[in-house]
file run07.cif (mmCIF, C-alpha atoms and all ligand atoms)
data_protein
#
loop_
_atom_site.label_atom_id
_atom_site.label_comp_id
_atom_site.auth_asym_id
_atom_site.auth_seq_id
_atom_site.Cartn_x
_atom_site.Cartn_y
_atom_site.Cartn_z
CA MET H 1 23.20 233.47 170.45
CA THR H 2 20.15 233.53 172.70
CA ASP H 3 17.95 236.50 173.30
CA SER H 4 19.07 236.61 176.90
CA GLU H 5 22.71 236.95 175.97
CA PRO H 6 24.11 240.44 175.96
CA ARG H 7 24.14 242.03 172.56
CA PRO H 8 26.83 244.64 172.51
CA SER H 9 26.91 247.31 169.86
CA ALA H 10 28.81 246.23 166.79
CA PRO H 11 32.51 247.10 166.68
CA ARG H 12 33.27 249.93 164.34
CA HIS H 13 35.59 247.87 162.16
CA PRO H 14 35.07 244.27 161.10
CA GLY H 15 38.06 242.02 161.66
CA THR H 16 40.11 240.15 159.11
CA ASN H 17 41.39 236.61 159.29
CA LEU H 18 44.75 237.41 157.72
CA ALA H 19 47.43 236.25 160.15
CA HIS H 20 49.76 239.19 159.67
CA LEU H 21 47.10 241.59 160.91
CA GLY H 22 47.11 240.09 164.38
CA ASP H 23 47.42 243.39 166.23
CA PHE H 24 44.60 244.85 164.23
CA ASN H 25 42.38 241.90 165.08
CA GLN H 26 43.28 242.19 168.73
CA ALA H 27 42.23 245.83 168.68
CA VAL H 28 38.94 244.86 167.02
CA VAL H 29 38.21 242.19 169.63
CA LEU H 30 39.19 244.47 172.49
CA ASP H 31 36.99 247.20 171.06
CA ALA H 32 34.06 244.76 170.96
CA VAL H 33 34.72 243.74 174.58
CA ARG H 34 34.95 247.38 175.60
CA ARG H 35 31.58 248.10 174.07
CA ALA H 36 29.94 245.36 176.15
CA PRO H 37 30.11 246.59 179.75
CA ASP H 38 28.25 243.51 180.99
CA GLY H 39 30.66 241.17 179.27
CA VAL H 40 30.47 239.15 176.10
CA SER H 41 31.02 235.53 175.10
CA ARG H 42 33.58 234.35 172.59
CA THR H 43 30.70 233.24 170.37
CA VAL H 44 29.26 236.73 170.25
CA LEU H 45 32.74 238.15 169.68
CA ARG H 46 33.07 235.84 166.70
CA ASP H 47 29.72 237.01 165.33
CA GLN H 48 30.49 240.63 166.02
CA THR H 49 33.95 240.70 164.49
CA GLY H 50 33.59 238.21 161.67
CA LEU H 51 36.76 236.49 162.87
CA ALA H 52 37.24 232.72 162.97
CA ALA H 53 36.40 231.05 166.30
CA GLN H 54 40.02 229.95 166.76
CA THR H 55 41.29 233.46 166.07
CA VAL H 56 38.93 234.92 168.67
CA SER H 57 39.90 232.25 171.12
CA ASN H 58 43.62 232.93 170.65
CA ILE H 59 43.18 236.66 170.99
CA VAL H 60 41.06 236.33 174.13
CA ARG H 61 43.75 234.08 175.62
CA ARG H 62 46.39 236.70 174.87
CA LEU H 63 44.24 239.43 176.42
CA LEU H 64 43.63 237.28 179.50
CA ASP H 65 47.36 236.64 179.86
CA ALA H 66 48.03 240.37 179.52
CA GLY H 67 45.51 241.11 182.26
CA MET H 68 43.44 243.32 179.97
CA VAL H 69 40.29 241.20 180.17
CA VAL H 70 38.93 238.82 182.79
CA GLU H 71 36.55 235.91 182.68
CA SER H 72 33.40 236.80 184.50
CA GLY H 73 31.12 233.84 185.07
CA LYS H 74 29.09 231.85 182.61
CA GLN H 75 26.01 232.57 180.58
CA THR H 76 23.75 229.64 181.39
CA ARG H 77 20.38 230.62 180.02
CA GLY H 78 19.24 229.42 176.63
CA PRO H 79 20.09 226.25 174.73
CA GLY H 80 23.59 224.85 174.30
CA LYS H 81 26.63 224.81 176.53
CA PRO H 82 27.08 227.59 179.08
CA ARG H 83 29.27 230.30 177.62
CA THR H 84 32.05 232.00 179.52
CA ILE H 85 31.66 235.74 179.63
CA VAL H 86 34.69 237.92 179.05
CA LYS H 87 34.88 241.47 180.41
CA LEU H 88 37.31 244.28 180.16
CA ASP H 89 39.46 244.70 183.29
CA PRO H 90 39.57 248.45 183.87
CA ASP H 91 42.76 247.99 185.87
CA GLY H 92 44.39 246.15 183.01
CA GLY H 93 46.11 249.32 181.87
CA TYR H 94 46.17 253.07 182.29
CA ALA H 95 47.00 256.14 180.25
CA ALA H 96 47.88 259.63 181.39
CA GLY H 97 46.60 262.58 179.38
CA VAL H 98 47.91 266.13 179.48
CA HIS H 99 46.29 269.14 177.89
CA LEU H 100 48.50 272.19 177.67
CA ASP H 101 46.54 275.40 177.18
CA PRO H 102 48.26 278.76 177.69
CA ALA H 103 45.90 279.37 180.63
CA VAL H 104 45.69 275.96 182.28
CA ILE H 105 47.43 272.61 182.32
CA THR H 106 45.03 269.72 182.86
CA CYS H 107 46.15 266.18 183.60
CA VAL H 108 44.05 263.02 183.87
CA LEU H 109 44.69 259.38 184.46
CA LEU H 110 42.37 257.04 182.60
CA ASP H 111 41.92 253.33 183.14
CA LEU H 112 41.50 250.83 180.36
CA ALA H 113 37.74 251.40 180.31
CA GLY H 114 38.30 255.12 179.71
CA ALA H 115 37.16 256.18 183.20
CA THR H 116 38.98 259.07 184.84
CA ARG H 117 40.78 257.74 187.92
CA ALA H 118 42.52 260.95 188.89
CA ARG H 119 42.72 264.51 187.64
CA ALA H 120 44.44 267.79 188.38
CA ALA H 121 44.41 271.24 186.82
CA ILE H 122 46.88 274.02 187.49
CA PRO H 123 47.29 277.48 185.98
CA THR H 124 49.97 277.55 183.33
CA PRO H 125 53.00 279.29 184.90
CA LEU H 126 53.69 282.82 183.79
CA ASP H 127 57.21 281.68 183.01
CA THR H 128 56.40 279.49 180.02
CA ASP H 129 59.97 278.35 179.39
CA PRO H 130 59.45 274.99 177.64
CA HIS H 131 61.78 272.99 179.88
CA ARG H 132 60.11 274.38 182.98
CA ILE H 133 56.64 273.57 181.64
CA ILE H 134 57.61 270.06 180.58
CA ALA H 135 59.24 269.36 183.95
CA LEU H 136 56.04 270.56 185.61
CA VAL H 137 53.95 268.27 183.40
CA ALA H 138 56.16 265.31 184.29
CA ASP H 139 55.79 266.17 187.96
CA GLN H 140 52.00 266.43 187.68
CA VAL H 141 51.78 263.02 186.03
CA ARG H 142 53.98 261.49 188.72
CA ARG H 143 51.79 263.00 191.43
CA LEU H 144 48.59 261.70 189.86
CA VAL H 145 50.07 258.23 189.62
CA ASP H 146 51.29 258.33 193.22
CA GLU H 147 48.00 259.63 194.58
CA SER H 148 45.91 257.09 192.70
CA GLU H 149 48.11 254.26 193.98
CA ILE H 150 47.89 252.39 190.72
CA ASP H 151 50.58 250.07 189.42
CA ARG H 152 52.96 252.34 187.51
CA GLY H 153 54.07 249.35 185.49
CA ARG H 154 50.63 249.23 183.86
CA ILE H 155 50.75 252.77 182.51
CA ALA H 156 50.78 252.51 178.75
CA GLY H 157 52.07 256.04 178.27
CA ILE H 158 51.27 259.73 178.31
CA GLY H 159 49.25 261.57 175.70
CA ILE H 160 49.79 265.27 175.23
CA ALA H 161 47.50 267.77 173.54
CA THR H 162 48.98 271.14 172.62
CA PRO H 163 47.99 274.21 170.68
CA GLY H 164 49.04 274.20 167.05
CA PRO H 165 50.73 274.53 164.81
CA ILE H 166 52.57 271.26 165.20
CA ASP H 167 55.21 269.65 163.03
CA GLU H 168 54.01 266.09 162.94
CA ASP H 169 57.04 264.64 161.23
CA ALA H 170 59.46 266.18 163.70
CA SER H 171 57.10 265.77 166.70
CA GLU H 172 57.54 269.42 167.54
CA VAL H 173 55.25 272.17 168.82
CA VAL H 174 55.86 275.16 166.57
CA ASP H 175 55.38 278.73 167.79
CA PRO H 176 52.09 278.28 169.69
CA PRO H 177 50.40 281.61 170.46
CA LEU H 178 50.80 282.80 174.06
CA LEU H 179 53.30 280.13 175.02
CA PHE H 180 56.20 282.54 175.05
CA GLY H 181 59.60 281.01 174.36
CA TRP H 182 58.19 278.04 172.48
CA HIS H 183 59.71 277.51 169.07
CA ARG H 184 59.90 274.04 167.56
CA VAL H 185 59.83 272.37 170.97
CA PRO H 186 60.22 268.55 170.90
CA PHE H 187 57.71 268.20 173.74
CA ARG H 188 57.12 264.54 173.07
CA ARG H 189 60.79 263.53 173.14
CA ILE H 190 61.65 265.59 176.24
CA LEU H 191 58.66 264.33 178.22
CA ALA H 192 59.51 260.74 177.28
CA GLU H 193 63.04 261.30 178.56
CA GLU H 194 61.78 262.92 181.77
CA THR H 195 59.29 260.18 182.58
CA SER H 196 60.67 257.07 180.86
CA LEU H 197 57.17 256.53 179.49
CA ALA H 198 55.95 256.32 175.92
CA VAL H 199 54.45 259.63 174.80
CA GLU H 200 51.86 260.30 172.10
CA SER H 201 50.98 263.78 170.99
CA GLY H 202 48.42 265.68 168.98
CA LYS H 203 46.86 269.05 168.44
CA ASP H 204 44.34 270.22 171.03
CA THR H 205 41.47 270.45 168.56
CA ALA H 206 42.05 266.87 167.42
CA ALA H 207 42.38 265.69 171.01
CA VAL H 208 39.03 267.13 172.10
CA ALA H 209 37.34 265.50 169.12
CA ILE H 210 38.83 262.14 169.91
CA GLY H 211 37.97 262.54 173.59
CA GLU H 212 34.37 263.19 172.65
CA MET H 213 34.36 260.26 170.25
CA TRP H 214 35.73 257.88 172.85
CA ALA H 215 34.04 258.96 176.00
CA GLY H 216 31.04 261.03 174.98
CA SER H 217 27.64 259.37 175.08
CA ASP H 218 26.65 260.56 171.61
CA THR H 219 27.87 258.20 168.94
CA ALA H 220 27.56 260.48 165.91
CA ASP H 221 30.11 259.55 163.29
CA ASP H 222 30.16 263.02 161.77
CA PHE H 223 30.51 266.01 163.99
CA VAL H 224 32.40 269.21 164.57
CA PHE H 225 33.96 269.96 167.94
CA PHE H 226 34.35 273.68 168.55
CA TYR H 227 37.24 274.07 170.96
CA VAL H 228 37.13 277.09 173.26
CA GLY H 229 40.42 277.58 175.07
CA THR H 230 42.75 280.53 175.20
CA GLY H 231 42.76 279.98 171.47
CA PHE H 232 40.12 278.20 169.51
CA GLY H 233 39.64 275.96 166.53
CA VAL H 234 37.61 272.99 165.41
CA GLY H 235 38.14 269.27 165.49
CA VAL H 236 36.35 267.60 162.62
CA VAL H 237 35.21 264.00 162.78
CA HIS H 238 34.16 262.52 159.46
CA ALA H 239 32.90 258.95 159.11
CA GLY H 240 34.20 258.21 162.59
CA GLU H 241 37.72 259.45 161.88
CA VAL H 242 39.31 262.62 163.18
CA VAL H 243 40.36 264.69 160.20
CA ARG H 244 44.01 265.50 160.76
CA GLY H 245 44.89 267.15 157.48
CA THR H 246 48.13 266.62 155.63
CA SER H 247 50.34 267.90 158.43
CA GLY H 248 48.13 267.28 161.46
CA ASN H 249 47.06 270.90 161.59
CA ALA H 250 43.47 270.73 160.32
CA GLY H 251 40.90 272.84 162.15
CA GLU H 252 42.19 276.38 161.87
CA ILE H 253 39.08 278.49 161.53
CA GLY H 254 40.29 281.81 162.88
CA HIS H 255 40.10 283.62 159.57
CA ILE H 256 36.58 282.77 158.53
CA ILE H 257 34.97 286.19 158.14
CA VAL H 258 31.90 286.40 160.32
CA ASP H 259 31.29 290.15 160.25
CA PRO H 260 32.54 292.22 157.31
CA ASP H 261 32.20 295.33 159.47
CA GLY H 262 33.97 293.74 162.40
CA PRO H 263 37.34 294.68 163.89
CA PRO H 264 40.54 294.43 161.86
CA CYS H 265 42.39 291.13 162.05
CA GLU H 266 46.12 290.57 162.08
CA CYS H 267 45.74 288.80 158.74
CA GLY H 268 44.79 292.11 157.09
CA LEU H 269 41.08 291.42 156.70
CA ARG H 270 38.20 292.55 158.90
CA GLY H 271 35.78 290.65 161.04
CA CYS H 272 37.58 287.30 161.18
CA LEU H 273 36.34 284.83 163.78
CA SER H 274 39.64 285.19 165.60
CA ALA H 275 39.55 288.98 165.76
CA CYS H 276 35.88 289.01 166.79
CA CYS H 277 35.53 286.15 169.19
CA MET H 278 38.78 284.86 170.68
CA PRO H 279 38.72 285.25 174.49
CA SER H 280 41.78 287.53 174.42
CA ASN H 281 40.06 289.82 171.93
CA LEU H 282 36.79 289.85 173.87
CA VAL H 283 38.74 290.76 176.99
CA ARG H 284 40.51 293.56 175.13
CA GLU H 285 37.18 294.87 173.84
CA ALA H 286 35.66 294.77 177.31
CA GLU H 287 38.66 296.58 178.76
CA SER H 288 38.62 299.29 176.11
CA LEU H 289 34.90 299.90 176.70
CA GLY H 290 35.39 300.05 180.45
CA VAL H 291 33.19 297.01 181.02
CA ILE H 292 35.93 295.40 183.07
CA PRO H 293 38.92 297.17 184.65
CA ASP H 294 41.87 297.62 182.34
CA ASP H 295 44.36 296.70 185.03
CA ARG H 296 45.74 293.50 183.52
CA VAL H 297 49.51 293.43 183.89
CA SER H 298 50.25 290.70 181.39
CA ARG H 299 48.92 289.12 178.24
CA SER H 300 49.60 285.64 179.57
CA GLY H 301 47.03 282.87 179.34
CA PRO H 302 46.13 282.96 183.07
CA ALA H 303 45.75 286.76 182.95
CA ILE H 304 43.41 286.52 179.96
CA SER H 305 41.52 283.73 181.68
CA ALA H 306 41.06 285.82 184.85
CA SER H 307 39.81 288.82 182.89
CA PHE H 308 37.52 286.62 180.82
CA THR H 309 36.01 285.31 184.04
CA ARG H 310 35.38 288.92 185.11
CA LEU H 311 33.64 289.60 181.82
CA CYS H 312 31.47 286.49 182.11
CA ASP H 313 30.68 287.21 185.74
CA ALA H 314 29.64 290.75 184.86
CA ALA H 315 27.36 289.42 182.13
CA GLY H 316 25.93 286.87 184.55
CA ALA H 317 25.25 289.63 187.06
CA GLY H 318 23.18 291.51 184.51
CA ASP H 319 25.72 293.98 183.09
CA GLU H 320 24.14 294.68 179.72
CA ARG H 321 27.33 295.77 177.99
CA ALA H 322 29.16 292.64 179.13
CA GLY H 323 26.22 290.53 178.02
CA ALA H 324 26.18 292.24 174.64
CA ILE H 325 29.86 291.47 174.05
CA LEU H 326 29.29 287.79 174.73
CA ASP H 327 26.02 287.62 172.80
CA THR H 328 27.61 289.26 169.77
CA ALA H 329 30.48 286.80 170.01
CA ALA H 330 28.00 283.91 170.19
CA ASP H 331 26.18 285.13 167.07
CA ARG H 332 29.43 285.50 165.18
CA VAL H 333 30.68 282.09 166.28
CA ALA H 334 27.37 280.64 165.09
CA ARG H 335 27.92 282.20 161.67
CA GLY H 336 31.41 280.72 161.50
CA ILE H 337 30.11 277.33 162.54
CA SER H 338 27.38 277.36 159.94
CA VAL H 339 30.05 277.72 157.24
CA ILE H 340 31.61 274.50 158.52
CA THR H 341 28.39 272.59 159.11
CA ASN H 342 27.17 273.46 155.62
CA LEU H 343 30.53 272.59 154.09
CA LEU H 344 30.67 269.18 155.76
CA ASP H 345 26.95 268.43 156.14
CA VAL H 346 27.46 267.23 159.72
CA ASP H 347 24.58 266.70 162.07
CA ARG H 348 26.19 267.65 165.36
CA VAL H 349 28.25 270.48 166.80
CA VAL H 350 29.85 270.04 170.21
CA PHE H 351 31.41 272.85 172.24
CA GLY H 352 34.01 272.38 174.94
CA GLY H 353 37.39 273.39 176.30
CA PRO H 354 38.77 275.24 179.32
CA PHE H 355 36.89 278.51 178.67
CA TRP H 356 33.64 276.90 177.57
CA PRO H 357 31.83 276.43 180.93
CA ARG H 358 31.92 280.20 181.52
CA ILE H 359 29.97 280.93 178.33
CA ALA H 360 28.03 277.70 177.87
CA ASP H 361 24.59 278.92 178.93
CA ARG H 362 24.84 282.12 176.97
CA PHE H 363 26.12 280.47 173.79
CA LEU H 364 23.67 277.58 173.92
CA ALA H 365 20.83 280.08 174.17
CA ARG H 366 21.80 281.64 170.82
CA VAL H 367 24.04 279.46 168.68
CA PRO H 368 21.64 276.56 167.93
CA GLY H 369 18.98 278.89 166.53
CA ILE H 370 21.40 280.68 164.21
CA VAL H 371 23.06 277.48 163.02
CA ASP H 372 19.60 276.13 162.27
CA GLU H 373 18.58 279.30 160.48
CA LEU H 374 21.67 279.21 158.28
CA ALA H 375 21.59 275.46 157.61
CA ILE H 376 21.27 274.88 153.88
CA GLY H 377 19.36 271.65 154.39
CA ARG H 378 17.28 272.83 157.32
CA GLU H 379 14.01 271.63 155.84
CA PHE H 380 15.08 268.05 156.29
CA HIS H 381 17.97 268.17 158.74
CA SER H 382 19.61 270.67 161.02
CA PRO H 383 22.70 270.15 163.17
CA ARG H 384 22.22 269.60 166.88
CA VAL H 385 24.35 271.94 168.98
CA ASP H 386 25.37 271.13 172.53
CA GLY H 387 28.22 271.18 175.02
CA THR H 388 30.48 268.24 175.79
CA GLU H 389 29.59 266.10 178.78
CA LEU H 390 33.29 265.72 179.53
CA GLY H 391 33.69 269.18 180.96
CA GLU H 392 36.97 271.03 181.06
CA ASP H 393 38.94 267.81 181.00
CA VAL H 394 37.92 266.86 177.48
CA GLY H 395 41.31 267.78 175.98
CA ALA H 396 43.27 265.78 178.55
CA ILE H 397 40.90 262.85 178.20
CA GLY H 398 41.37 262.98 174.44
CA ALA H 399 45.13 263.07 174.92
CA ALA H 400 44.99 259.97 177.11
CA CYS H 401 42.82 258.31 174.47
CA LEU H 402 45.68 258.80 172.02
CA VAL H 403 47.54 256.32 174.19
CA LEU H 404 44.63 253.98 174.86
CA SER H 405 43.89 253.85 171.16
CA ARG H 406 47.05 251.91 170.57
CA ARG H 407 45.43 249.04 172.48
CA LEU H 408 41.73 249.65 172.29
CA GLY H 409 40.75 251.38 169.11
CA VAL H 410 41.68 251.26 165.51
CA ARG H 411 40.43 254.60 164.36
CA SER H 412 42.27 256.98 166.61
CA ALA H 413 45.66 255.34 166.11
CA LYS H 414 46.24 257.65 163.18
CA LEU H 415 46.53 260.55 165.55
CA ARG H 416 49.90 259.33 166.71
CA ILE H 417 52.82 261.43 165.69
CA GLY H 418 55.98 259.68 164.60
CA PRO H 419 56.86 256.02 165.14
ZN ZN J 1 41.97 287.19 159.89
#

call {"tool": "encode", "arguments": {"input": "run07.cif", "output": "C-alpha cells", "more": "lines below"}}
Ligand SMILES: [Zn+2]
result
Amino acid sequence: MTDSEPRPSAPRHPGTNLAHLGDFNQAVVLDAVRRAPDGVSRTVLRDQTGLAAQTVSNIVRRLLDAGMVVESGKQTRGPGKPRTIVKLDPDGGYAAGVHLDPAVITCVLLDLAGATRARAAIPTPLDTDPHRIIALVADQVRRLVDESEIDRGRIAGIGIATPGPIDEDASEVVDPPLLFGWHRVPFRRILAEETSLAVESGKDTAAVAIGEMWAGSDTADDFVFFYVGTGFGVGVVHAGEVVRGTSGNAGEIGHIIVDPDGPPCECGLRGCLSACCMPSNLVREAESLGVIPDDRVSRSGPAISASFTRLCDAAGAGDERAGAILDTAADRVARGISVITNLLDVDRVVFGGPFWPRIADRFLARVPGIVDELAIGREFHSPRVDGTELGEDVGAIGAACLVLSRRLGVRSAKLRIGP
C-alpha cells in the first residue's frame, strides 16, 4: 500500500478464511468498504480484513454482481500496478425504519450508505388499535418509497422500533404503556404480511443506540444512550455491542431512586426516575401547580406531547416555575445517569428521542456538571454528555439499521428478533 492510497479505518471485526463463514466474511468486507467513502482497493481490503486475496476477490465479485459496490477508477500513484478502487453504491439497497412512540410515528428510508433518503413523522392516532396503527405504518412506508422513486425491489426490509416490553421469542410487543389496546401484538408478522417485505424489530432504546453507533460521528465503543420519548430508558453499548439482555428488554431504568423525598411511584417506592422525570409526570406536576392549563382531555401520547411542549415553551419564555420543574428533572436524570455511568464505567452519554429537542439546551446546561461531580473516577476520566446528531429520527434510523445490519454489519445482527 502506498501512502497516497486511501487508508480507511479498520473494520471492527477481522475476517476468517473458513469457507463456511462466507456470509460473515462478506459482511466484514462490506463493512470495510463502507468505512472508506473514497473507495478502497482489493489489496487494502485484504490487509484490513486479514482475508486471503482470493477470498476478497470472490466477495468483491459477488458484491459487484449484487449491485452493492461499484468499481470507481484506478489508483495509479505509487509503485506497482494500478489498483482498481471499489466503492459502496448507496443505491445498491435500501431499508425502511419505523419508530413507534405513543406520541409520534417516525419513518425513514435509508440507502445502503446509511443516508436518509426520505422521512416522515405523524402524530400517533388517538385510536391506537394495533391493526389500525400497523396499517398506517405500512401506508407510510409505501408513501415514502413512492415519493423517493427508488426501486422497490431493492428494499431489503423494514425495521421497527417499539416501546418495551417485548417478547423476543414470540416477536410480540407486550403491553406497552400508553399504546392502549396493545397486548402481545405480533407487529413484525402483521407488518410483513401487509407489506410483503422482511421485517426486523427491536426495542426503542436498543434501536436508538444502534442508530447512534451506525450513523453518529462519535465512534465510542462504550456509551449509554438516554432515550427521551413519551417513555424513557437507556440503550447500553458495551465493547461495540448493544446490550440486549436475556429477553431483549435491557435498559429499564425507571425505578432507580433519584430523590428519596420525591413523589410516590407506582412501584410503591418514592422518588423513582420514572415518577420524577417522565414527560407525562412532569406534565401532571405542571398542571397541578397551575404552570400550564389543566385542560388536557386525554392521557394519550400526542396529548402529553402537546402539554409537554407548553411546559417547555413556558420555561423558554422565562416562566420560573416551569423552568424549575425542568431543571429539577434534569438534576434527577443526571443522578440516575451517574448510577449507570459509574456501574458501567462508560465515557459517553448521549441523549435523544422525540421529546429531547424540547429540553436539550436546558438539560445540557446541567446534566454534564452533575454527572462529572458524581463520577467515581472523575480525577482521571469523566463521561462526556451530549445530544445525538441524528435528531428526532434516531429511533427510526436505528430501526432501519436493524435491516441494513444483515448486509453491512456484524455487530448489530444480534438485535434481530426471531429467524
Ligand atoms: Zn418506582

call {"tool": "closest_residue", "arguments": {"input": "run07.cif", "among": "H:Thr230, H:Thr106, H:Thr388, H:Gln140", "to": "Pro177 of chain H", "atoms": "all atoms listed in the file"}}
result
H:Thr230

call {"tool": "closest_atom_pairs", "arguments": {"input": "run07.cif", "of": "chain H", "to": "ligand ZN 1 (chain J)", "cutoff": "10 Å", "atoms": "all atoms listed in the file", "output": "Markdown table"}}
result
| residue | atom | partner | partner_atom | distance |
| --- | --- | --- | --- | --- |
| H:Ile253 | CA | J:ZN1 | ZN | 9.3 |
| H:Gly254 | CA | J:ZN1 | ZN | 6.4 |
| H:His255 | CA | J:ZN1 | ZN | 4.0 |
| H:Ile256 | CA | J:ZN1 | ZN | 7.1 |
| H:Ile257 | CA | J:ZN1 | ZN | 7.3 |
| H:Pro263 | CA | J:ZN1 | ZN | 9.7 |
| H:Pro264 | CA | J:ZN1 | ZN | 7.6 |
| H:Cys265 | CA | J:ZN1 | ZN | 4.5 |
| H:Glu266 | CA | J:ZN1 | ZN | 5.8 |
| H:Cys267 | CA | J:ZN1 | ZN | 4.3 |
| H:Gly268 | CA | J:ZN1 | ZN | 6.3 |
| H:Leu269 | CA | J:ZN1 | ZN | 5.4 |
| H:Arg270 | CA | J:ZN1 | ZN | 6.6 |
| H:Gly271 | CA | J:ZN1 | ZN | 7.2 |
| H:Cys272 | CA | J:ZN1 | ZN | 4.6 |
| H:Leu273 | CA | J:ZN1 | ZN | 7.2 |
| H:Ser274 | CA | J:ZN1 | ZN | 6.5 |
| H:Ala275 | CA | J:ZN1 | ZN | 6.6 |
| H:Cys276 | CA | J:ZN1 | ZN | 9.4 |

call {"tool": "closest_residue", "arguments": {"input": "run07.cif", "among": "H:Glu287, H:Asp175, H:Glu252, H:Asp169", "to": "Ala206 of chain H", "atoms": "only C-alpha atoms"}}
result
H:Glu252

call {"tool": "atom_distance", "arguments": {"input": "run07.cif", "atom1": "atom CA of Glu320 of chain H", "atom2": "atom CA of Asp386 of chain H"}}
result
24.7 Å

call {"tool": "residues_around", "arguments": {"input": "run07.cif", "residues": "Ala95 of chain H", "least_positions_apart": "2", "cutoff": "7 Å", "atoms": "only C-alpha atoms", "output": "MDAnalysis selection string"}}
result
chainID H and resid 97 109:111 155:158 400 403:404

call {"tool": "atom_distance", "arguments": {"input": "run07.cif", "atom1": "atom CA of Glu392 of chain H", "atom2": "atom CA of Gly202 of chain H"}}
result
17.5 Å

call {"tool": "closest_residue", "arguments": {"input": "run07.cif", "among": "H:Leu179, H:Ala209, H:Val44, H:Ala306", "to": "Ala399 of chain H", "atoms": "all atoms listed in the file"}}
result
H:Ala209

call {"tool": "closest_residue", "arguments": {"input": "run07.cif", "among": "H:Gly323, H:Gly316, H:Gly240, H:Gly251", "to": "Val346 of chain H", "atoms": "only C-alpha atoms"}}
result
H:Gly240

call {"tool": "decode", "arguments": {"input": "run07.cif", "residues": "segment 235-247 of chain H", "atoms": "N, CA, C and O atoms", "output": "short mmCIF file (atom, residue, chain, number, x, y, z; two decimals), in the first residue's frame"}}
result
data_model
loop_
_atom_site.label_atom_id
_atom_site.label_comp_id
_atom_site.auth_asym_id
_atom_site.auth_seq_id
_atom_site.Cartn_x
_atom_site.Cartn_y
_atom_site.Cartn_z
N GLY H 235 -30.29 2.79 26.29
CA GLY H 235 -29.65 1.78 25.45
C GLY H 235 -28.19 1.76 25.87
O GLY H 235 -27.55 2.80 25.96
N VAL H 236 -27.69 0.59 26.14
CA VAL H 236 -26.31 0.46 26.59
C VAL H 236 -25.49 -0.20 25.50
O VAL H 236 -25.87 -1.25 24.97
N VAL H 237 -24.38 0.43 25.14
CA VAL H 237 -23.45 -0.17 24.19
C VAL H 237 -22.17 -0.47 24.93
O VAL H 237 -21.55 0.41 25.53
N HIS H 238 -21.80 -1.75 24.94
CA HIS H 238 -20.59 -2.18 25.62
C HIS H 238 -19.69 -2.90 24.63
O HIS H 238 -20.14 -3.83 23.95
N ALA H 239 -18.46 -2.45 24.54
CA ALA H 239 -17.49 -3.04 23.61
C ALA H 239 -18.07 -3.12 22.19
O ALA H 239 -17.89 -4.10 21.48
N GLY H 240 -18.78 -2.08 21.81
CA GLY H 240 -19.30 -2.01 20.45
C GLY H 240 -20.54 -2.85 20.20
O GLY H 240 -20.98 -2.97 19.06
N GLU H 241 -21.09 -3.46 21.22
CA GLU H 241 -22.30 -4.26 21.07
C GLU H 241 -23.43 -3.64 21.88
O GLU H 241 -23.21 -3.21 23.02
N VAL H 242 -24.62 -3.63 21.31
CA VAL H 242 -25.77 -3.19 22.09
C VAL H 242 -26.13 -4.29 23.07
O VAL H 242 -26.27 -5.45 22.70
N VAL H 243 -26.25 -3.92 24.32
CA VAL H 243 -26.60 -4.90 25.35
C VAL H 243 -28.12 -5.12 25.29
O VAL H 243 -28.90 -4.21 25.55
N ARG H 244 -28.50 -6.33 24.93
CA ARG H 244 -29.93 -6.62 24.77
C ARG H 244 -30.54 -7.17 26.04
O ARG H 244 -31.73 -7.04 26.29
N GLY H 245 -29.74 -7.86 26.83
CA GLY H 245 -30.28 -8.58 27.97
C GLY H 245 -30.78 -9.95 27.53
O GLY H 245 -30.79 -10.26 26.34
N THR H 246 -31.20 -10.74 28.48
CA THR H 246 -31.62 -12.10 28.18
C THR H 246 -32.85 -12.14 27.29
O THR H 246 -32.98 -12.99 26.41
N SER H 247 -33.76 -11.21 27.48
CA SER H 247 -35.01 -11.26 26.72
C SER H 247 -35.17 -10.09 25.75
O SER H 247 -36.23 -9.90 25.18
#
